[in-house]
Structures are given as C-alpha cells and as structure tokens.
file work21.tsv (TSV, C-alpha atoms)
chain	number	residue	atom	x	y	z
A	97	MET	CA	113.89	35.55	72.38
A	98	PRO	CA	111.63	34.46	75.27
A	99	ASP	CA	108.37	36.29	75.93
A	100	ALA	CA	109.33	39.86	76.87
A	101	ARG	CA	106.86	39.90	79.76
A	102	ASP	CA	107.15	36.45	81.31
A	103	ALA	CA	109.68	36.17	84.15
A	104	SER	CA	107.88	33.29	85.85
A	105	PRO	CA	108.68	31.43	88.02
A	106	TYR	CA	110.69	34.37	89.38
A	107	ASP	CA	108.95	37.10	91.35
A	108	ALA	CA	111.85	39.51	92.07
A	109	LEU	CA	115.35	40.51	90.99
A	110	LEU	CA	118.15	41.34	93.43
A	111	LEU	CA	121.01	43.60	92.35
A	112	LEU	CA	123.92	42.37	94.46
A	113	SER	CA	127.03	44.54	94.66
A	114	PHE	CA	130.17	45.18	96.68
A	115	GLY	CA	129.14	48.38	98.44
A	116	GLY	CA	131.22	51.39	99.40
A	117	PRO	CA	131.49	54.23	101.92
A	118	GLU	CA	129.31	57.30	101.49
A	119	GLY	CA	131.26	59.66	103.75
A	120	PRO	CA	134.59	60.00	105.59
A	121	ASP	CA	133.26	58.38	108.77
A	122	ASP	CA	132.27	55.29	106.78
A	123	VAL	CA	135.69	54.54	105.28
A	124	ILE	CA	137.41	52.58	108.06
A	125	PRO	CA	134.26	50.65	109.12
A	126	PHE	CA	133.70	49.77	105.46
A	127	LEU	CA	137.28	48.51	105.08
A	128	GLU	CA	136.92	46.52	108.29
A	129	ASN	CA	133.89	44.81	106.74
A	130	VAL	CA	135.81	44.06	103.55
A	131	THR	CA	138.84	42.60	105.37
A	132	ARG	CA	137.09	40.95	108.33
A	133	GLY	CA	138.90	37.80	109.45
A	134	ARG	CA	142.19	38.61	107.71
A	135	GLY	CA	143.90	40.24	110.69
A	136	ILE	CA	144.83	43.42	108.83
A	137	PRO	CA	145.90	46.17	111.28
A	138	THR	CA	143.98	49.44	111.47
A	139	GLU	CA	147.05	51.41	110.38
A	140	ARG	CA	147.12	49.50	107.10
A	141	LEU	CA	143.41	50.15	106.63
A	142	LYS	CA	144.04	53.87	107.11
A	143	GLU	CA	146.65	53.75	104.32
A	144	VAL	CA	144.17	52.10	101.96
A	145	GLY	CA	141.51	54.53	103.14
A	146	GLU	CA	143.52	57.40	101.69
A	147	HIS	CA	142.28	56.30	98.27
A	148	TYR	CA	138.75	57.10	99.43
A	149	PHE	CA	139.66	60.24	101.38
A	150	ARG	CA	141.05	61.73	98.15
A	151	PHE	CA	137.46	61.63	96.90
A	152	GLY	CA	135.82	62.99	100.05
A	153	GLY	CA	135.49	59.56	101.67
A	154	VAL	CA	132.84	58.61	99.13
A	155	SER	CA	132.98	55.63	96.81
A	156	PRO	CA	131.08	56.23	93.56
A	157	ILE	CA	129.79	52.66	93.48
A	158	ASN	CA	126.58	53.25	95.42
A	159	ASP	CA	125.45	56.13	93.22
A	160	GLN	CA	126.36	54.02	90.18
A	161	ASN	CA	124.19	51.20	91.48
A	162	ARG	CA	121.33	53.64	92.02
A	163	ALA	CA	121.71	54.76	88.40
A	164	LEU	CA	121.73	51.14	87.23
A	165	LEU	CA	118.61	50.42	89.29
A	166	ASP	CA	116.86	53.34	87.61
A	167	ALA	CA	117.96	52.10	84.16
A	168	LEU	CA	116.77	48.55	84.88
A	169	ARG	CA	113.39	49.68	86.22
A	170	LYS	CA	112.90	51.96	83.22
A	171	ASP	CA	113.78	49.20	80.75
A	172	PHE	CA	111.60	46.61	82.48
A	173	ALA	CA	108.62	49.01	82.59
A	174	GLU	CA	109.01	49.98	78.93
A	175	HIS	CA	108.96	46.30	77.91
A	176	GLY	CA	106.09	45.22	80.14
A	177	LEU	CA	108.24	43.14	82.48
A	178	ASP	CA	106.58	43.35	85.89
A	179	LEU	CA	109.45	42.26	88.11
A	180	PRO	CA	110.35	44.28	91.23
A	181	ILE	CA	114.06	45.03	91.65
A	182	TYR	CA	115.82	45.28	94.99
A	183	TRP	CA	119.41	46.18	95.88
A	184	GLY	CA	121.75	44.76	98.51
A	185	ASN	CA	125.50	45.00	99.17
A	186	ARG	CA	128.07	42.66	100.59
A	187	ASN	CA	130.03	45.23	102.59
A	188	TRP	CA	127.92	48.34	103.17
A	189	ALA	CA	124.36	49.58	103.39
A	190	PRO	CA	121.96	48.52	102.07
A	191	TYR	CA	123.28	45.23	103.45
A	192	LEU	CA	122.40	41.98	101.70
A	193	THR	CA	120.78	40.33	104.73
A	194	ASP	CA	118.55	43.36	105.35
A	195	THR	CA	117.48	43.42	101.70
A	196	LEU	CA	116.72	39.69	101.60
A	197	ARG	CA	114.69	40.05	104.79
A	198	GLU	CA	112.71	42.84	103.14
A	199	MET	CA	112.13	40.72	100.05
A	200	VAL	CA	110.88	37.78	102.10
A	201	THR	CA	108.63	40.06	104.15
A	202	ASP	CA	107.26	41.43	100.88
A	203	GLY	CA	106.30	37.88	99.92
A	204	HIS	CA	108.98	37.00	97.35
A	205	ARG	CA	109.96	33.34	97.15
A	206	ARG	CA	111.75	32.91	93.79
A	207	ILE	CA	114.56	35.43	93.50
A	208	LEU	CA	117.04	35.99	90.69
A	209	VAL	CA	120.37	37.64	91.51
A	210	LEU	CA	122.37	39.97	89.27
A	211	ALA	CA	125.91	40.39	90.65
A	212	THR	CA	127.92	43.41	89.53
A	213	SER	CA	130.74	41.15	88.42
A	214	ALA	CA	130.74	39.74	84.90
A	215	TYR	CA	133.43	37.06	85.12
A	216	ALA	CA	134.17	33.76	86.86
A	217	SER	CA	136.41	33.89	89.91
A	218	TYR	CA	136.21	33.32	93.65
A	219	SER	CA	135.93	37.03	94.48
A	220	GLY	CA	133.69	37.73	91.48
A	221	CYS	CA	131.22	34.87	91.89
A	222	ARG	CA	131.60	32.28	94.64
A	223	GLN	CA	132.21	34.88	97.38
A	224	TYR	CA	128.90	36.50	96.43
A	225	ARG	CA	127.29	33.07	96.65
A	226	GLU	CA	128.86	32.51	100.07
A	227	ASN	CA	127.44	35.83	101.24
A	228	LEU	CA	124.02	34.77	99.98
A	229	ALA	CA	124.31	31.55	101.99
A	230	ASP	CA	125.31	33.54	105.09
A	231	SER	CA	122.27	35.78	104.69
A	232	LEU	CA	119.92	32.84	104.17
A	233	ALA	CA	121.32	31.21	107.32
A	234	ALA	CA	120.64	34.42	109.24
A	235	LEU	CA	117.04	34.55	108.00
A	236	GLU	CA	116.60	30.87	108.80
A	237	ALA	CA	117.78	31.54	112.37
A	238	GLU	CA	115.11	34.26	112.57
A	239	GLY	CA	112.46	31.70	111.65
A	240	LEU	CA	111.64	33.24	108.27
A	241	GLU	CA	110.51	31.23	105.27
A	242	LEU	CA	113.49	31.03	102.93
A	243	PRO	CA	113.21	31.93	99.26
A	244	ARG	CA	114.81	29.95	96.46
A	245	ILE	CA	117.64	31.98	94.96
A	246	ASP	CA	119.25	31.60	91.55
A	247	LYS	CA	122.09	33.69	90.12
A	248	LEU	CA	122.19	34.97	86.54
A	249	ARG	CA	124.98	33.51	84.42
A	250	HIS	CA	128.22	35.39	83.78
A	251	TYR	CA	127.49	38.06	81.20
A	252	PHE	CA	131.02	39.02	80.08
A	253	ASN	CA	130.29	38.07	76.47
A	254	HIS	CA	126.70	39.28	76.16
A	255	PRO	CA	126.40	41.86	73.35
A	256	GLY	CA	124.72	44.33	75.71
A	257	PHE	CA	127.84	44.29	77.87
A	258	LEU	CA	130.32	44.33	74.99
A	259	GLU	CA	128.82	46.92	72.64
A	260	PRO	CA	129.06	49.86	75.09
A	261	MET	CA	132.72	48.99	75.70
A	262	ILE	CA	133.43	48.79	71.98
A	263	ASP	CA	131.93	52.24	71.55
A	264	GLY	CA	133.98	53.50	74.51
A	265	VAL	CA	137.24	52.34	72.93
A	266	LEU	CA	136.28	53.91	69.60
A	267	ARG	CA	135.53	57.24	71.31
A	268	SER	CA	138.83	57.13	73.19
A	269	LEU	CA	140.79	56.43	70.01
A	270	ALA	CA	139.01	59.27	68.25
A	271	ASP	CA	139.92	61.59	71.14
A	272	LEU	CA	143.65	60.96	70.74
A	273	PRO	CA	145.72	63.42	68.67
A	274	GLU	CA	145.51	62.42	65.04
A	275	ASP	CA	149.26	61.97	64.66
A	276	VAL	CA	149.37	59.19	67.31
A	277	ARG	CA	145.92	57.64	66.84
A	278	ALA	CA	146.75	54.95	64.27
A	279	GLY	CA	149.71	53.66	66.30
A	280	ALA	CA	147.87	53.54	69.64
A	281	HIS	CA	147.93	50.33	71.64
A	282	ILE	CA	144.95	49.12	73.67
A	283	ALA	CA	145.49	47.98	77.27
A	284	PHE	CA	142.52	45.89	78.37
A	285	SER	CA	142.55	46.18	82.15
A	286	THR	CA	140.96	44.12	84.89
A	287	HIS	CA	141.39	43.48	88.60
A	288	SER	CA	144.46	41.41	89.41
A	289	ILE	CA	143.87	38.36	91.59
A	290	PRO	CA	146.28	35.77	93.03
A	291	THR	CA	147.44	33.41	90.30
A	292	ALA	CA	146.26	30.45	92.40
A	293	ALA	CA	142.74	31.92	92.43
A	294	ALA	CA	142.88	32.54	88.68
A	295	ASP	CA	144.11	29.01	87.97
A	296	SER	CA	141.16	27.51	89.87
A	297	SER	CA	138.50	29.85	88.47
A	298	GLY	CA	135.52	28.50	86.59
A	299	ARG	CA	134.42	24.89	86.26
A	300	VAL	CA	136.89	22.16	87.23
A	301	GLU	CA	137.49	21.39	83.55
A	302	ASP	CA	138.45	25.04	83.02
A	303	HIS	CA	141.08	25.04	85.75
A	304	GLY	CA	144.69	25.49	84.71
A	305	ASP	CA	146.91	28.36	83.65
A	306	GLY	CA	144.78	31.41	84.35
A	307	GLY	CA	141.58	29.37	84.49
A	308	ALA	CA	138.28	30.77	83.26
A	309	TYR	CA	139.11	34.22	84.64
A	310	VAL	CA	141.92	34.91	82.18
A	311	ALA	CA	140.26	33.02	79.30
A	312	GLU	CA	137.06	35.07	79.60
A	313	HIS	CA	138.91	38.39	79.69
A	314	LEU	CA	141.02	37.41	76.69
A	315	ASP	CA	137.88	36.47	74.78
A	316	VAL	CA	136.32	39.87	75.57
A	317	ALA	CA	139.51	41.69	74.55
A	318	ARG	CA	139.59	39.85	71.21
A	319	VAL	CA	135.95	40.66	70.46
A	320	ILE	CA	136.50	44.36	71.19
A	321	ALA	CA	139.80	44.54	69.28
A	322	ASP	CA	138.24	42.79	66.28
A	323	ALA	CA	135.26	45.16	66.32
A	324	VAL	CA	137.56	48.18	66.49
A	325	ARG	CA	139.53	46.89	63.51
A	326	GLU	CA	136.35	46.27	61.51
A	327	ARG	CA	134.96	49.74	62.24
A	328	THR	CA	138.18	51.77	61.83
A	329	GLY	CA	140.25	49.73	59.40
A	330	VAL	CA	143.17	49.88	61.87
A	331	ASP	CA	144.53	46.80	63.63
A	332	HIS	CA	145.57	48.17	67.03
A	333	PRO	CA	147.95	45.95	69.05
A	334	TRP	CA	146.54	45.04	72.45
A	335	GLN	CA	147.34	43.26	75.70
A	336	LEU	CA	145.44	42.14	78.80
A	337	VAL	CA	146.85	43.92	81.86
A	338	TYR	CA	145.99	44.07	85.53
A	339	GLN	CA	145.48	46.60	88.31
A	340	SER	CA	144.48	47.02	91.96
A	341	ARG	CA	146.77	44.36	93.37
A	342	SER	CA	146.64	43.96	97.16
A	343	GLY	CA	147.87	41.42	99.68
A	344	ALA	CA	151.23	40.05	100.73
A	345	PRO	CA	154.02	40.78	98.22
A	346	HIS	CA	155.34	37.18	98.31
A	347	ILE	CA	152.07	35.81	96.88
A	348	PRO	CA	152.06	35.75	93.05
A	349	TRP	CA	149.32	37.82	91.40
A	350	LEU	CA	148.37	38.22	87.76
A	351	GLU	CA	150.68	40.56	85.82
A	352	PRO	CA	151.65	42.86	84.14
A	353	ASP	CA	150.51	45.78	86.26
A	354	ILE	CA	149.03	48.64	84.24
A	355	CYS	CA	151.69	51.16	85.28
A	356	ASP	CA	154.49	48.72	84.47
A	357	HIS	CA	152.82	48.12	81.12
A	358	LEU	CA	152.74	51.84	80.35
A	359	GLU	CA	156.46	52.10	81.08
A	360	GLU	CA	157.21	49.11	78.86
A	361	ARG	CA	155.06	50.41	75.99
A	362	HIS	CA	156.68	53.83	76.21
A	363	ALA	CA	160.16	52.30	76.19
A	364	ALA	CA	159.16	50.32	73.09
A	365	GLY	CA	158.25	53.54	71.28
A	366	VAL	CA	154.46	53.17	71.34
A	367	PRO	CA	152.99	56.64	70.56
A	368	ALA	CA	149.76	56.36	72.63
A	369	VAL	CA	147.68	53.99	74.75
A	370	VAL	CA	143.95	53.54	75.32
A	371	ILE	CA	143.10	51.83	78.61
A	372	ALA	CA	139.86	49.84	78.43
A	373	PRO	CA	138.69	48.69	81.91
A	374	ILE	CA	136.83	45.59	80.70
A	375	GLY	CA	136.87	43.95	84.13
A	376	PHE	CA	134.58	46.54	85.72
A	377	VAL	CA	130.87	47.20	85.35
A	378	SER	CA	131.12	50.85	86.44
A	379	ASP	CA	133.62	53.59	87.31
A	380	HIS	CA	134.07	52.65	90.96
A	381	MET	CA	137.10	53.32	93.16
A	382	GLU	CA	139.54	50.98	91.41
A	383	VAL	CA	138.84	52.78	88.14
A	384	LEU	CA	138.96	56.29	89.62
A	385	TYR	CA	142.13	55.73	91.63
A	386	ASP	CA	144.16	53.05	89.86
A	387	LEU	CA	143.43	54.26	86.33
A	388	ASP	CA	142.25	57.87	86.45
A	389	THR	CA	144.82	58.79	89.10
A	390	GLU	CA	147.84	56.45	89.23
A	391	ALA	CA	147.90	55.32	85.59
A	392	LYS	CA	147.11	58.83	84.37
A	393	ASP	CA	149.95	60.25	86.47
A	394	LYS	CA	152.32	57.59	85.13
A	395	ALA	CA	151.37	58.36	81.52
A	396	GLU	CA	151.88	62.09	82.09
A	397	GLU	CA	155.25	61.42	83.72
A	398	LEU	CA	156.28	59.43	80.63
A	399	GLY	CA	154.85	61.94	78.20
A	400	LEU	CA	152.68	59.15	76.79
A	401	PRO	CA	149.29	60.23	75.39
A	402	MET	CA	146.67	58.10	77.17
A	403	ARG	CA	142.88	57.87	77.19
A	404	ARG	CA	140.68	55.76	79.41
A	405	SER	CA	137.52	54.38	77.83
A	406	ALA	CA	134.16	54.17	79.58
A	407	THR	CA	132.76	51.28	81.56
A	408	VAL	CA	129.24	50.01	80.88
A	409	GLY	CA	127.56	51.68	83.86
A	410	ASP	CA	123.86	52.35	83.28
A	411	ASP	CA	124.01	52.18	79.49
A	412	PRO	CA	120.53	51.24	78.17
A	413	ARG	CA	122.05	48.37	76.20
A	414	PHE	CA	123.31	46.83	79.43
A	415	ALA	CA	119.89	47.25	81.04
A	416	ALA	CA	118.39	45.49	78.02
A	417	ALA	CA	120.98	42.72	78.38
A	418	VAL	CA	119.94	42.17	81.99
A	419	ARG	CA	116.32	41.89	80.86
A	420	ASP	CA	117.39	39.36	78.23
A	421	LEU	CA	119.31	37.35	80.84
A	422	VAL	CA	116.32	37.36	83.21
A	423	LEU	CA	113.94	36.15	80.51
A	424	GLU	CA	116.47	33.57	79.30
A	425	ARG	CA	116.87	32.08	82.78
A	426	ALA	CA	113.13	32.14	83.40
A	427	ALA	CA	112.54	30.23	80.16
A	428	VAL	CA	115.18	27.68	81.16
A	429	GLU	CA	113.40	27.17	84.49
A	430	ARG	CA	110.16	26.59	82.58
A	431	ALA	CA	111.98	23.92	80.52
A	432	GLU	CA	111.57	25.90	77.29
A	433	GLU	CA	113.98	25.87	74.35
A	434	VAL	CA	116.43	28.78	74.68
A	435	THR	CA	119.32	30.02	72.53
A	436	PRO	CA	121.59	32.05	74.85
A	437	CYS	CA	123.02	35.26	73.46
A	438	ALA	CA	126.84	35.41	73.52
A	439	LEU	CA	129.71	36.71	71.39
A	440	GLY	CA	133.26	35.39	71.18
A	441	VAL	CA	134.43	31.79	71.13
A	442	LEU	CA	133.57	30.63	74.65
A	443	GLY	CA	129.80	30.58	74.33
A	444	ALA	CA	127.29	31.26	77.07
A	445	SER	CA	128.35	30.50	80.63
A	446	HIS	CA	126.64	27.91	82.83
A	447	ASN	CA	123.42	28.80	84.63
A	448	LEU	CA	124.27	26.76	87.72
A	449	CYS	CA	127.75	26.91	89.20
A	450	PRO	CA	128.93	23.28	89.41
A	451	VAL	CA	130.69	21.62	92.32
A	452	GLY	CA	134.36	22.66	92.42
A	453	CYS	CA	133.73	25.93	90.57
A	454	CYS	CA	135.98	28.78	91.83
A	455	PRO	CA	136.73	27.06	95.15
A	456	SER	CA	137.69	28.95	98.29
A	457	ARG	CA	140.73	28.05	100.36
A	458	ALA	CA	138.53	27.27	103.36
A	459	PRO	CA	135.32	25.60	102.13
A	460	ARG	CA	132.16	27.48	103.06
A	461	PRO	CA	128.50	26.99	102.11
A	462	ALA	CA	127.49	28.85	98.94
A	463	ALA	CA	123.97	29.43	97.66
A	464	ALA	CA	122.73	29.41	94.07
A	465	GLY	CA	124.97	26.56	92.92
A	466	ALA	CA	124.98	22.79	92.52
A	467	ASP	CA	126.50	22.51	95.99
A	468	SER	CA	124.02	24.87	97.67
A	469	PRO	CA	122.55	23.77	101.00
A	470	TYR	CA	119.51	25.89	100.09
A	471	ALA	CA	118.18	24.11	97.00
call {"tool": "encode", "arguments": {"input": "work21.tsv", "output": "structure tokens"}}
result
Amino acid sequence: MPDARDASPYDALLLLSFGGPEGPDDVIPFLENVTRGRGIPTERLKEVGEHYFRFGGVSPINDQNRALLDALRKDFAEHGLDLPIYWGNRNWAPYLTDTLREMVTDGHRRILVLATSAYASYSGCRQYRENLADSLAALEAEGLELPRIDKLRHYFNHPGFLEPMIDGVLRSLADLPEDVRAGAHIAFSTHSIPTAAADSSGRVEDHGDGGAYVAEHLDVARVIADAVRERTGVDHPWQLVYQSRSGAPHIPWLEPDICDHLEERHAAGVPAVVIAPIGFVSDHMEVLYDLDTEAKDKAEELGLPMRRSATVGDDPRFAAAVRDLVLERAAVERAEEVTPCALGVLGASHNLCPVGCCPSRAPRPAAAGADSPYA
C-alpha cells in the first residue's frame, strides 16, 4: 500500500454528490434543477415531489453526506493523512461551483474528486464530469486560476465497498424467520437507466448489451452471493433487478423492476426475499421510497417475507477504502508502482475516463477525462 500520509501532488479532496431538498419549500426548485432543459411541466414535478413530501420534504442524502464527511475526516486524521475535504452538490446547496470557488480561494490547485456513484454510466460518471466542466468554465469566466481536477476511479469492487454490503445481506438473512431463511432469494437492486445508456456505458470496448453498467453490477452481485455462501453454507439464488425508473414509457429501460420481480418470485413459490441495494452508496430517497415504501408494500400485499439490507453509508471500512483510493491515485500521479485493490473478475477500473466513455446524446465538455478541455 502507498505511504499512508502522502497524498501529493493532491492538496484537497472534493466529495461530489447529487444533492437533495432540506425542506418542503426546496422540493420543486430542487426538481427543477434536476430536470432543467427537459421541458417537464410543473404538474409532473409536483407528482414526483410527493415522494419527498411523504418524508417532510427532506431528502436524507445531505445528512448522509455530512455523516460520510465526518467519517472521512476522522479516518484521514487517525492515519496522518493531512488532506482537507470539501463537499459540493450537482443539484442543491452546497452547489458545486460555490464549493470549487471556495477551494480555489483557499489556494487548492490539485483536487481529487470522490463522486457518490460507484459504477460506470452517463448519469453516474460522465454527467458529474460535465458538471465539473461547467463549474470550471464559470470560474474561468470570473478570472480565477483554475485547479487541475482528477476523479477517483470507480470503486464498485473495492473491498471497503463490498464488505459492508456482504455483512448487510448476512444480517438481513439472519433476521428472516428461520423456516424461510434457507430458501430466501437475494434481489440485488440498482437504479434502472435507459438500455441505450447502459449499452454505451464504460469504455468503448465495453459497449454492448448492458455495457459496463450491467457487467459491474453483476460482478458485485456474484462477489456478495459467493461470500454469503462461503459464510453460511447456503447457496441462495439471486438476480440483478432494477428500480426508480423515470422518463417516457416508450423508451426501453433496464428490467425487471423490483416490484415485478417480487410478484414473479412469489408466484414461483419463493418463501422470502432479501433486497440488497448494491447500486446506492447510502439510503437516499430512491432507497427510502422505492424499496422501503413501494417494494415493502408489495411484499406485504403478497404475504412475502422481505428484508432490505443496508447500504454502505458512513461505514468505517468505506472511509478507509476512500483513503486507499486517494493514496493509490496519488502514487500513480507520482509514477510509482501501484497494485490496485479490487475483488471480482473485472479488476480495477481506469483512472482516466477515455474518449467515448459513457457518451451523452448531445456532446458536452467533461472534466477529469482524456477528453477534458481542462487538462
């Protein structure tokens, strides 16, 4: 492992997340930020906003990011890593541009970015990079000296991301009634995206049926399922399923939907299901509403015992994984020999997103990649 205290040449870390409303008055403005440019009518936004209003108009994601910030700062301090950590969001305060401006004003010029999305996809990677480019353009227009920005590699198969999820599945299985536990199926759930976006996710050589997005999730599911079998002696059947679909109904999205899957499993005589939300770093709105509300209601309607396992959140092992990723990337930048840490069959992801990786329908500048205008 690289020196536990040497993050050079980097002088700061930016936690970059999606953002969410923190009160009822924030909900519609937040959704307008998320959907800007898509022409979605306000009435439709109000319908979607009901998901947030059920929880007092507050998304849990900001508090979860605050908890992760605390965990990261604690871990860095305990291991002698003197690297300040900032936080910025794409769609709500603290806004990315404001945070980058603060970082530049504080004198930071080599910034690493940790995005709260572990997998390759347009919405999970390149869109964050596009937002970074937008913010850099705004700072450039203000006459500020621009920092160099790099993004940490996808961490879906890092042990510090996987081990907490393995433990979560084991706890959920143990919480099921004993008479249905051994026959329980595992539904590994992630955010559905249009199949066209999935097919073009990852490097150009990874494009195809499901692209890197599906391949990475399947690899994670196999690692977790194998670990559960090794630790319990039971080989639980499993399937990758999807949730949180949005958009026009005529556009194909990844399937099966989690609620449809529960109906199908129940009809097949499955005695219980554990839902493992492997596509999410923390218990934000998609987890609380689509799984803890809709999927839970569906399971109760069917009389199907169901448990939902925990996301990684601010688990200390994830904080340690972030430290490992920071030191790994710093060592790479110093041209040192590095052995990346990764489980599964896919190996460690690329450090620099190549040209053609997770393309958008309308090409836009994206920072922190081989095609970045801000090298």
call {"tool": "closest_atom_pairs", "arguments": {"input": "work21.tsv", "of": "segment 262-364 of chain A", "to": "segment 401-422 of chain A", "cutoff": "8 Å", "atoms": "only C-alpha atoms", "output": "tab-separated table"}}
result
residue	atom	partner	partner_atom	distance
A:Gly264	CA	A:Ser405	CA	4.9
A:Val265	CA	A:Ser405	CA	5.3
A:Arg267	CA	A:Ser405	CA	7.4
A:Ser268	CA	A:Ser405	CA	5.6
A:Leu269	CA	A:Arg403	CA	7.6
A:Asp271	CA	A:Arg403	CA	7.7
A:Leu272	CA	A:Arg403	CA	7.2
call {"tool": "atom_distance", "arguments": {"input": "work21.tsv", "atom1": "atom CA of Ser155 of chain A", "atom2": "atom CA of Leu110 of chain A"}}
result
20.9 Å
call {"tool": "atom_distance", "arguments": {"input": "work21.tsv", "atom1": "atom CA of Gly116 of chain A", "atom2": "atom CA of Ile181 of chain A"}}
result
19.9 Å
call {"tool": "residues_around", "arguments": {"input": "work21.tsv", "residues": "segment 439-446 of chain A", "least_positions_apart": "4", "cutoff": "9 Å", "atoms": "only C-alpha atoms", "output": "PyMOL selection string"}}
result
chain A and resi 249-255+258+311-312+315-316+318-319+450
call {"tool": "closest_residue", "arguments": {"input": "work21.tsv", "among": "A:Ala438, A:Ala211, A:Cys454, A:Ala317", "to": "Gln335 of chain A", "atoms": "only C-alpha atoms"}}
result
A:Ala317
call {"tool": "closest_atom_pairs", "arguments": {"input": "work21.tsv", "of": "segment 185-298 of chain A", "to": "segment 371-383 of chain A", "cutoff": "6 Å", "atoms": "all atoms listed in the file", "output": "CSV"}}
result
residue,atom,partner,partner_atom,distance
A:Ile282,CA,A:Ile371,CA,5.9
A:Ala283,CA,A:Ile371,CA,4.7
A:Phe284,CA,A:Ala372,CA,4.8
A:Ser285,CA,A:Pro373,CA,4.6
A:Thr286,CA,A:Gly375,CA,4.2
